>>> print(open('work.tsv').read())   # TSV, C-alpha atoms and all ligand atoms
chain	number	residue	atom	x	y	z
J	1	MET	CA	130.82	80.61	117.89
J	2	SER	CA	130.49	80.32	114.12
J	3	ILE	CA	133.62	80.30	112.03
J	4	PHE	CA	132.59	83.61	110.48
J	5	GLN	CA	132.19	85.27	113.87
J	6	GLU	CA	135.51	83.78	114.89
J	7	LEU	CA	137.16	85.16	111.77
J	8	SER	CA	136.04	88.67	112.41
J	9	ASP	CA	137.15	88.49	116.07
J	10	ARG	CA	140.67	87.28	115.37
J	11	GLU	CA	143.71	89.43	115.90
J	12	HIS	CA	144.93	88.29	112.49
J	13	VAL	CA	143.89	90.20	109.45
J	14	PHE	CA	143.94	87.78	106.55
J	15	GLU	CA	144.01	89.29	103.12
J	16	PHE	CA	140.78	87.64	102.15
J	17	LEU	CA	138.92	89.90	104.57
J	18	THR	CA	139.97	93.04	102.79
J	19	GLN	CA	139.81	95.08	99.63
J	20	VAL	CA	142.04	94.74	96.56
J	21	GLN	CA	144.88	97.31	96.40
J	22	SER	CA	147.12	98.60	93.64
J	23	PRO	CA	150.38	96.63	93.22
J	24	VAL	CA	153.47	97.24	95.28
J	25	ASP	CA	156.21	99.09	93.41
J	26	VAL	CA	159.75	97.91	94.21
J	27	ARG	CA	161.34	98.87	90.89
J	28	HIS	CA	163.45	101.62	92.39
J	29	GLY	CA	163.93	100.62	95.99
J	30	PRO	CA	163.18	98.43	98.98
J	31	ILE	CA	159.93	96.69	99.78
J	32	LEU	CA	159.79	98.13	103.29
J	33	TYR	CA	161.21	101.41	104.46
J	34	LEU	CA	160.95	102.87	107.95
J	35	ASP	CA	162.44	106.32	108.31
J	36	ASP	CA	163.05	108.09	111.61
J	37	VAL	CA	160.08	106.47	113.34
J	38	ASN	CA	159.22	107.39	116.92
J	39	VAL	CA	156.60	106.01	119.29
J	40	SER	CA	156.10	106.88	122.93
J	41	PHE	CA	153.79	105.18	125.41
J	42	ASP	CA	152.96	107.47	128.33
J	43	GLY	CA	156.16	109.43	127.77
J	44	PHE	CA	158.32	106.31	127.37
J	45	ARG	CA	160.10	106.19	123.98
J	46	ALA	CA	159.54	102.58	122.86
J	47	ILE	CA	160.69	103.32	119.29
J	48	ASN	CA	163.42	105.89	118.97
J	49	ASN	CA	164.44	107.32	115.57
J	50	LEU	CA	164.12	103.86	114.04
J	51	ASN	CA	165.40	103.40	110.49
J	52	LEU	CA	164.97	100.07	108.73
J	53	THR	CA	165.12	98.99	105.10
J	54	ILE	CA	164.09	95.54	103.87
J	55	ASP	CA	164.86	94.58	100.26
J	56	ASP	CA	162.45	92.69	98.08
J	57	GLY	CA	162.91	88.95	98.60
J	58	GLU	CA	165.15	89.38	101.63
J	59	LEU	CA	165.09	87.18	104.73
J	60	ARG	CA	165.90	89.44	107.69
J	61	CYS	CA	166.22	88.40	111.31
J	62	ILE	CA	165.51	90.95	114.01
J	63	ILE	CA	166.94	90.30	117.42
J	64	GLY	CA	167.16	92.36	120.59
J	65	PRO	CA	166.66	92.07	124.32
J	66	ASN	CA	163.23	92.15	125.95
J	67	GLY	CA	161.63	95.54	125.54
J	68	ALA	CA	163.87	96.51	122.58
J	69	GLY	CA	160.80	97.43	120.52
J	70	LYS	CA	160.52	94.43	118.19
J	71	THR	CA	156.79	93.87	118.69
J	72	THR	CA	156.06	97.58	118.55
J	73	MET	CA	157.94	97.77	115.26
J	74	MET	CA	155.79	94.98	113.79
J	75	ASP	CA	152.67	96.70	115.16
J	76	ILE	CA	153.68	99.87	113.33
J	77	ILE	CA	154.23	98.06	110.03
J	78	THR	CA	150.84	96.33	110.22
J	79	GLY	CA	149.00	99.49	111.25
J	80	LYS	CA	148.13	98.31	114.76
J	81	THR	CA	150.17	101.11	116.35
J	82	ARG	CA	150.52	104.59	114.86
J	83	PRO	CA	153.90	106.26	115.31
J	84	ASP	CA	154.16	109.80	116.66
J	85	SER	CA	156.49	110.74	113.80
J	86	GLY	CA	158.45	109.30	110.90
J	87	SER	CA	157.45	107.51	107.74
J	88	VAL	CA	156.73	103.90	106.78
J	89	TRP	CA	156.53	102.92	103.12
J	90	PHE	CA	155.71	99.63	101.44
J	91	GLY	CA	157.47	99.89	98.10
J	92	SER	CA	157.54	103.40	96.68
J	93	ARG	CA	153.78	103.65	96.23
J	94	HIS	CA	152.16	102.85	99.56
J	95	ASN	CA	152.46	105.08	102.60
J	96	LEU	CA	151.45	102.65	105.35
J	97	LEU	CA	150.79	105.46	107.81
J	98	THR	CA	147.77	106.52	105.80
J	99	MET	CA	146.27	103.02	105.76
J	100	ASN	CA	144.29	100.89	108.20
J	101	GLU	CA	145.14	97.33	109.26
J	102	PRO	CA	142.90	95.47	106.79
J	103	ASP	CA	144.13	97.58	103.87
J	104	ILE	CA	147.75	96.99	104.86
J	105	ALA	CA	147.06	93.25	105.03
J	106	SER	CA	145.49	93.37	101.59
J	107	LEU	CA	148.67	94.89	100.16
J	108	GLY	CA	150.33	91.57	100.92
J	109	ILE	CA	151.74	92.00	104.41
J	110	GLY	CA	151.05	88.85	106.41
J	111	ARG	CA	151.77	88.57	110.10
J	112	LYS	CA	152.33	85.39	112.01
J	113	PHE	CA	151.91	85.85	115.74
J	114	GLN	CA	153.79	83.69	118.20
J	115	LYS	CA	150.86	81.47	119.17
J	116	PRO	CA	149.27	79.38	116.43
J	117	THR	CA	145.61	80.20	115.92
J	118	VAL	CA	144.51	77.77	113.26
J	119	PHE	CA	140.89	76.60	113.13
J	120	GLU	CA	141.18	73.38	115.12
J	121	ALA	CA	137.80	71.94	114.13
J	122	LEU	CA	138.67	72.17	110.43
J	123	THR	CA	141.05	69.97	108.48
J	124	VAL	CA	144.43	71.18	107.28
J	125	PHE	CA	143.01	71.44	103.77
J	126	GLU	CA	139.95	73.39	104.94
J	127	ASN	CA	142.11	75.84	106.87
J	128	LEU	CA	144.03	76.57	103.68
J	129	GLU	CA	140.84	76.69	101.67
J	130	LEU	CA	139.43	79.27	104.03
J	131	ALA	CA	142.54	81.42	103.81
J	132	MET	CA	142.39	81.34	100.02
J	133	ALA	CA	139.00	82.91	99.55
J	134	ALA	CA	139.36	86.21	97.78
J	135	ASP	CA	136.46	87.91	99.47
J	136	LYS	CA	134.53	87.26	102.64
J	137	ARG	CA	131.27	87.43	100.69
J	138	VAL	CA	132.18	84.14	99.01
J	139	LEU	CA	133.01	82.28	102.21
J	140	PRO	CA	129.65	80.56	102.66
J	141	THR	CA	129.86	79.08	99.18
J	142	LEU	CA	133.56	78.59	99.12
J	143	THR	CA	133.61	74.85	98.58
J	144	ALA	CA	131.08	75.10	95.79
J	145	ILE	CA	133.10	77.67	93.91
J	146	MET	CA	136.51	76.03	94.40
J	147	LYS	CA	138.37	76.57	91.18
J	148	PRO	CA	141.13	74.24	89.90
J	149	GLN	CA	143.82	76.92	90.28
J	150	PHE	CA	142.85	77.35	93.95
J	151	ARG	CA	143.18	73.60	94.52
J	152	GLU	CA	146.54	73.79	92.81
J	153	ARG	CA	147.67	76.56	95.15
J	154	ILE	CA	146.56	74.53	98.17
J	155	GLY	CA	148.60	71.61	96.81
J	156	GLU	CA	151.66	73.85	96.40
J	157	VAL	CA	151.33	75.27	99.90
J	158	LEU	CA	150.79	71.80	101.45
J	159	GLU	CA	154.04	70.78	99.79
J	160	MET	CA	155.87	73.89	101.04
J	161	ILE	CA	154.74	73.47	104.63
J	162	GLY	CA	155.32	69.70	104.63
J	163	LEU	CA	151.73	68.76	105.56
J	164	LYS	CA	150.70	66.99	102.37
J	165	ASP	CA	150.12	63.68	104.14
J	166	LEU	CA	148.04	65.40	106.81
J	167	ARG	CA	145.76	67.36	104.49
J	168	ASP	CA	142.63	65.62	105.80
J	169	ALA	CA	143.64	65.63	109.46
J	170	LEU	CA	141.87	67.99	111.83
J	171	ALA	CA	144.13	70.92	112.68
J	172	GLY	CA	143.37	70.26	116.36
J	173	ILE	CA	145.40	67.05	116.37
J	174	LEU	CA	148.54	68.58	114.84
J	175	SER	CA	151.69	69.06	116.88
J	176	HIS	CA	152.64	72.59	117.93
J	177	GLY	CA	155.16	72.82	115.10
J	178	GLN	CA	152.71	71.54	112.50
J	179	LYS	CA	150.14	74.13	113.61
J	180	GLN	CA	152.75	76.85	113.17
J	181	TRP	CA	153.52	75.63	109.66
J	182	LEU	CA	149.83	75.44	108.82
J	183	GLU	CA	149.35	79.01	109.90
J	184	ILE	CA	152.32	80.10	107.80
J	185	GLY	CA	150.66	78.15	104.97
J	186	MET	CA	147.42	80.09	105.49
J	187	LEU	CA	149.35	83.32	105.09
J	188	LEU	CA	151.08	81.94	102.00
J	189	MET	CA	147.82	81.10	100.23
J	190	GLN	CA	147.52	84.62	98.89
J	191	LYS	CA	151.17	84.89	97.91
J	192	PRO	CA	152.04	87.75	100.29
J	193	ARG	CA	154.89	90.10	99.43
J	194	LEU	CA	156.10	90.42	103.02
J	195	LEU	CA	155.74	88.00	105.91
J	196	LEU	CA	156.35	89.15	109.48
J	197	VAL	CA	157.01	86.16	111.69
J	198	ASP	CA	157.14	86.51	115.47
J	199	GLU	CA	159.19	83.92	117.39
J	200	PRO	CA	158.38	81.02	115.09
J	201	VAL	CA	160.33	78.34	116.95
J	202	ALA	CA	159.29	79.05	120.55
J	203	GLY	CA	158.17	75.72	122.02
J	204	MET	CA	159.35	73.64	119.06
J	205	THR	CA	161.42	70.45	119.14
J	206	GLU	CA	164.88	70.46	117.54
J	207	GLN	CA	163.50	68.63	114.54
J	208	GLU	CA	160.63	71.08	114.15
J	209	MET	CA	163.11	73.95	114.37
J	210	GLU	CA	165.17	72.48	111.56
J	211	ARG	CA	162.08	72.07	109.41
J	212	THR	CA	161.02	75.65	110.18
J	213	ALA	CA	164.47	76.90	109.17
J	214	GLU	CA	164.09	75.09	105.85
J	215	LEU	CA	160.62	76.50	105.35
J	216	LEU	CA	161.55	80.13	106.06
J	217	THR	CA	164.71	80.02	103.96
J	218	SER	CA	162.76	78.46	101.09
J	219	LEU	CA	160.28	81.36	101.19
J	220	ALA	CA	162.94	84.05	100.83
J	221	GLY	CA	163.33	85.27	97.28
J	222	LYS	CA	159.70	84.61	96.47
J	223	GLN	CA	158.62	86.91	99.28
J	224	SER	CA	160.37	89.05	101.83
J	225	VAL	CA	160.45	87.56	105.30
J	226	VAL	CA	161.14	89.37	108.58
J	227	VAL	CA	161.67	87.04	111.51
J	228	VAL	CA	161.78	88.21	115.12
J	229	GLU	CA	163.38	85.51	117.22
J	230	HIS	CA	165.12	85.08	120.57
J	231	ASP	CA	166.66	81.69	119.83
J	232	MET	CA	170.20	82.55	118.72
J	233	GLY	CA	170.93	79.05	117.42
J	234	PHE	CA	167.94	79.30	115.14
J	235	VAL	CA	168.81	82.82	114.00
J	236	ARG	CA	172.32	81.66	113.20
J	237	SER	CA	170.91	78.80	111.13
J	238	ILE	CA	168.78	80.99	108.89
J	239	ALA	CA	170.25	84.48	109.03
J	240	ARG	CA	171.78	86.30	106.13
J	241	LYS	CA	171.41	89.77	107.54
J	242	VAL	CA	170.58	90.46	111.17
J	243	THR	CA	169.30	93.68	112.71
J	244	VAL	CA	169.85	94.20	116.41
J	245	LEU	CA	167.32	96.47	118.07
J	246	HIS	CA	168.03	98.12	121.40
J	247	GLN	CA	165.96	100.77	123.15
J	248	GLY	CA	163.84	101.29	120.06
J	249	SER	CA	166.74	101.89	117.63
J	250	VAL	CA	168.99	99.85	115.39
J	251	LEU	CA	172.13	99.09	117.38
J	252	ALA	CA	173.87	97.02	114.71
J	253	GLU	CA	173.20	95.39	111.39
J	254	GLY	CA	175.13	92.81	109.37
J	255	THR	CA	175.84	89.11	109.19
J	256	MET	CA	175.40	87.07	112.35
J	257	ASP	CA	179.19	86.99	112.75
J	258	GLN	CA	179.45	90.75	112.32
J	259	VAL	CA	176.76	91.58	114.86
J	260	SER	CA	177.84	88.98	117.37
J	261	ASN	CA	181.38	90.42	117.31
J	262	ASP	CA	180.16	94.00	117.68
J	263	PRO	CA	181.28	95.28	121.12
J	264	GLU	CA	178.05	97.27	121.63
J	265	VAL	CA	175.94	94.22	120.85
J	266	ILE	CA	178.02	92.04	123.14
J	267	LYS	CA	177.53	94.59	125.90
J	268	VAL	CA	173.76	94.88	125.66
J	269	TYR	CA	172.61	91.56	124.39
J	270	LEU	CA	174.99	88.82	123.40
J	271	GLY	CA	177.24	89.09	126.41
J	272	GLU	CA	176.56	85.53	127.42
J	273	GLU	CA	177.62	84.28	123.95
J	274	ALA	CA	180.73	86.40	123.59
N	301	LIG	N1	150.86	99.62	124.77
N	301	LIG	C1	151.94	99.90	125.51
N	301	LIG	N2	151.85	100.74	126.56
N	301	LIG	C2	152.93	101.04	127.29
N	301	LIG	N3	154.16	100.56	127.05
N	301	LIG	C3	154.31	99.72	126.03
N	301	LIG	C4	153.20	99.34	125.19
N	301	LIG	N4	153.68	98.48	124.24
N	301	LIG	C5	155.00	98.34	124.49
N	301	LIG	N5	155.37	99.07	125.55
N	301	LIG	C6	156.73	99.19	126.06
N	301	LIG	O1	157.57	99.49	124.97
N	301	LIG	C7	158.81	98.79	125.08
N	301	LIG	C8	159.01	97.96	123.83
N	301	LIG	O2	158.14	96.84	123.91
N	301	LIG	P1	158.07	95.71	122.80
N	301	LIG	O3	157.01	94.75	123.22
N	301	LIG	O4	157.95	96.32	121.46
N	301	LIG	O5	159.52	95.05	122.94
N	301	LIG	P2	160.04	93.64	122.37
N	301	LIG	O6	161.38	93.92	121.80
N	301	LIG	O7	159.02	93.05	121.46
N	301	LIG	O8	160.17	92.78	123.68
N	301	LIG	P3	160.00	91.19	123.90
N	301	LIG	O9	161.23	90.58	123.32
N	301	LIG	O10	159.96	91.05	125.39
N	301	LIG	O11	158.74	90.77	123.23
N	301	LIG	C9	158.74	97.99	126.36
N	301	LIG	O12	159.39	98.71	127.37
N	301	LIG	C10	157.27	97.88	126.63
N	301	LIG	O13	157.02	97.78	128.02
>>> encode(input="work.tsv", output="structure tokens")
Amino acid sequence: MSIFQELSDREHVFEFLTQVQSPVDVRHGPILYLDDVNVSFDGFRAINNLNLTIDDGELRCIIGPNGAGKTTMMDIITGKTRPDSGSVWFGSRHNLLTMNEPDIASLGIGRKFQKPTVFEALTVFENLELAMAADKRVLPTLTAIMKPQFRERIGEVLEMIGLKDLRDALAGILSHGQKQWLEIGMLLMQKPRLLLVDEPVAGMTEQEMERTAELLTSLAGKQSVVVVEHDMGFVRSIARKVTVLHQGSVLAEGTMDQVSNDPEVIKVYLGEEA
């Protein structure tokens, strides 16, 4: 399969495959706003009057037991699943419920799925190069048109993801953790406004987890980051504000200490840690 076929078949929607959108307006409010969102699958309410607000530059952790609705929530934000009711805004200008997946991606919402899906036959550098292209029409001539500022961005991202020394290594030989960082790097190439990261440390070594914690915390401020994660140790290491989802709604929200001392949370989810 050619790389171009592979690109169009991927579940990811990278920004470079999409059209340019007007800028996100966060002057008077949050970057992401979900209001009273509901989704049912065959009569089962997976998302139930969900309200969620993410501030610009925030790092938010979302936790919750299996089936709480975390993935469905991300699917709604990225346009993969349409809610039955409610509203979802990106800044005050963009109503995400009127947009398709590629257009939402092009607004600067990047999603990192649990499994890394980097291009294994390309080098680390080439993977980043590919993710940087502004328009799929330029992909075939990408190397030829590489501009100095693009090379600079690749250098910055290599530094951020800690793969500078491996820039010429094939992505296929990277460790699981390194592949995850590379894929985060690919999303970072276009300076997204919001990154949605699904279980980033599943399958990682302790050391890789620590490095991932550093990476995600270093991104906050420059972009907003929403991390869905089951590993409580990891959440505790990065969390400022935690949202606990249960049965499709927000059960509790606050610091890790606040939510882990909340009796309702202890009952449904953190019982074993209480
Ligand atoms: N396409 C679908 N059709 C039917 N039911 C679905 C569909 N997608 C999700 N569900 C159901 O909706 C509920 C929420 O699922 P979701 O995957 O969002 O939860 P989650 O919090 O991400 O769980 P996990 O931690 O196990 O990944 C579950 O009961 C799930 O079975």
>>> axis_aligned_box(input="work.tsv", around="region 214-232 of chain J", padding_each_side="8 Å", output="AutoDock Vina command-line options")
--center_x 164.4 --center_y 82.2 --center_z 108.5 --size_x 27.6 --size_y 30.3 --size_z 40.1
>>> residues_around(input="work.tsv", residues="Asn66 (chain J)", least_positions_apart="2", cutoff="10 Å", atoms="all atoms listed in the file", output="JSON, numbers by chain")
{"J": [63, 64, 68, 69, 70, 71, 230, 245, 246, 247, 269]}
>>> atom_distance(input="work.tsv", atom1="CA of Leu107 (chain J)", atom2="CA of Arg167 (chain J)")
28.0 Å
>>> residues_around(input="work.tsv", residues="Arg82 (chain J)", least_positions_apart="4", cutoff="12 Å", atoms="only C-alpha atoms", output="ChimeraX atom specification")
/J:37-41,47,72-78,86-88,96-101
>>> residues_around(input="work.tsv", residues="region 190-200 of chain J", least_positions_apart="3", cutoff="9 Å", atoms="all atoms listed in the file", output="tab-separated table (two decimals) with C-alpha atoms, in the frame of the given file")
chain	number	residue	atom	x	y	z
J	15	GLU	CA	144.01	89.29	103.12
J	16	PHE	CA	140.78	87.64	102.15
J	24	VAL	CA	153.47	97.24	95.28
J	31	ILE	CA	159.93	96.69	99.78
J	32	LEU	CA	159.79	98.13	103.29
J	56	ASP	CA	162.45	92.69	98.08
J	57	GLY	CA	162.91	88.95	98.60
J	71	THR	CA	156.79	93.87	118.69
J	74	MET	CA	155.79	94.98	113.79
J	105	ALA	CA	147.06	93.25	105.03
J	106	SER	CA	145.49	93.37	101.59
J	107	LEU	CA	148.67	94.89	100.16
J	108	GLY	CA	150.33	91.57	100.92
J	109	ILE	CA	151.74	92.00	104.41
J	110	GLY	CA	151.05	88.85	106.41
J	111	ARG	CA	151.77	88.57	110.10
J	112	LYS	CA	152.33	85.39	112.01
J	113	PHE	CA	151.91	85.85	115.74
J	114	GLN	CA	153.79	83.69	118.20
J	115	LYS	CA	150.86	81.47	119.17
J	131	ALA	CA	142.54	81.42	103.81
J	132	MET	CA	142.39	81.34	100.02
J	133	ALA	CA	139.00	82.91	99.55
J	134	ALA	CA	139.36	86.21	97.78
J	153	ARG	CA	147.67	76.56	95.15
J	177	GLY	CA	155.16	72.82	115.10
J	180	GLN	CA	152.75	76.85	113.17
J	184	ILE	CA	152.32	80.10	107.80
J	186	MET	CA	147.42	80.09	105.49
J	187	LEU	CA	149.35	83.32	105.09
J	203	GLY	CA	158.17	75.72	122.02
J	204	MET	CA	159.35	73.64	119.06
J	209	MET	CA	163.11	73.95	114.37
J	212	THR	CA	161.02	75.65	110.18
J	222	LYS	CA	159.70	84.61	96.47
J	223	GLN	CA	158.62	86.91	99.28
J	224	SER	CA	160.37	89.05	101.83
J	225	VAL	CA	160.45	87.56	105.30
J	226	VAL	CA	161.14	89.37	108.58
J	227	VAL	CA	161.67	87.04	111.51
J	228	VAL	CA	161.78	88.21	115.12
J	229	GLU	CA	163.38	85.51	117.22
J	230	HIS	CA	165.12	85.08	120.57
J	231	ASP	CA	166.66	81.69	119.83
>>> closest_residue(input="work.tsv", among="J:Leu188, J:Val250, J:Val26, J:Ile154", to="ligand LIG 301 (chain N)", atoms="only C-alpha atoms and all ligand atoms")
J:Val250
>>> closest_residue(input="work.tsv", among="J:Trp89, J:Lys80, J:Cys61, J:Glu152", to="Pro102 (chain J)", atoms="only C-alpha atoms")
J:Lys80
>>> atom_distance(input="work.tsv", atom1="CA of Glu126 (chain J)", atom2="CA of Gly221 (chain J)")
27.3 Å
>>> atom_distance(input="work.tsv", atom1="CA of Phe234 (chain J)", atom2="CA of Ser218 (chain J)")
15.0 Å
>>> closest_residue(input="work.tsv", among="J:Val244, J:Leu170, J:Ala213, J:Ile104", to="ligand LIG 301 (chain N)", atoms="all atoms listed in the file")
J:Val244
>>> closest_residue(input="work.tsv", among="J:Gln149, J:Asn51, J:Thr81, J:Thr123", to="ligand LIG 301 (chain N)", atoms="only C-alpha atoms and all ligand atoms")
J:Thr81
>>> closest_residue(input="work.tsv", among="J:Leu122, J:Leu34, J:Ile62, J:Leu166", to="ligand LIG 301 (chain N)", atoms="all atoms listed in the file")
J:Ile62
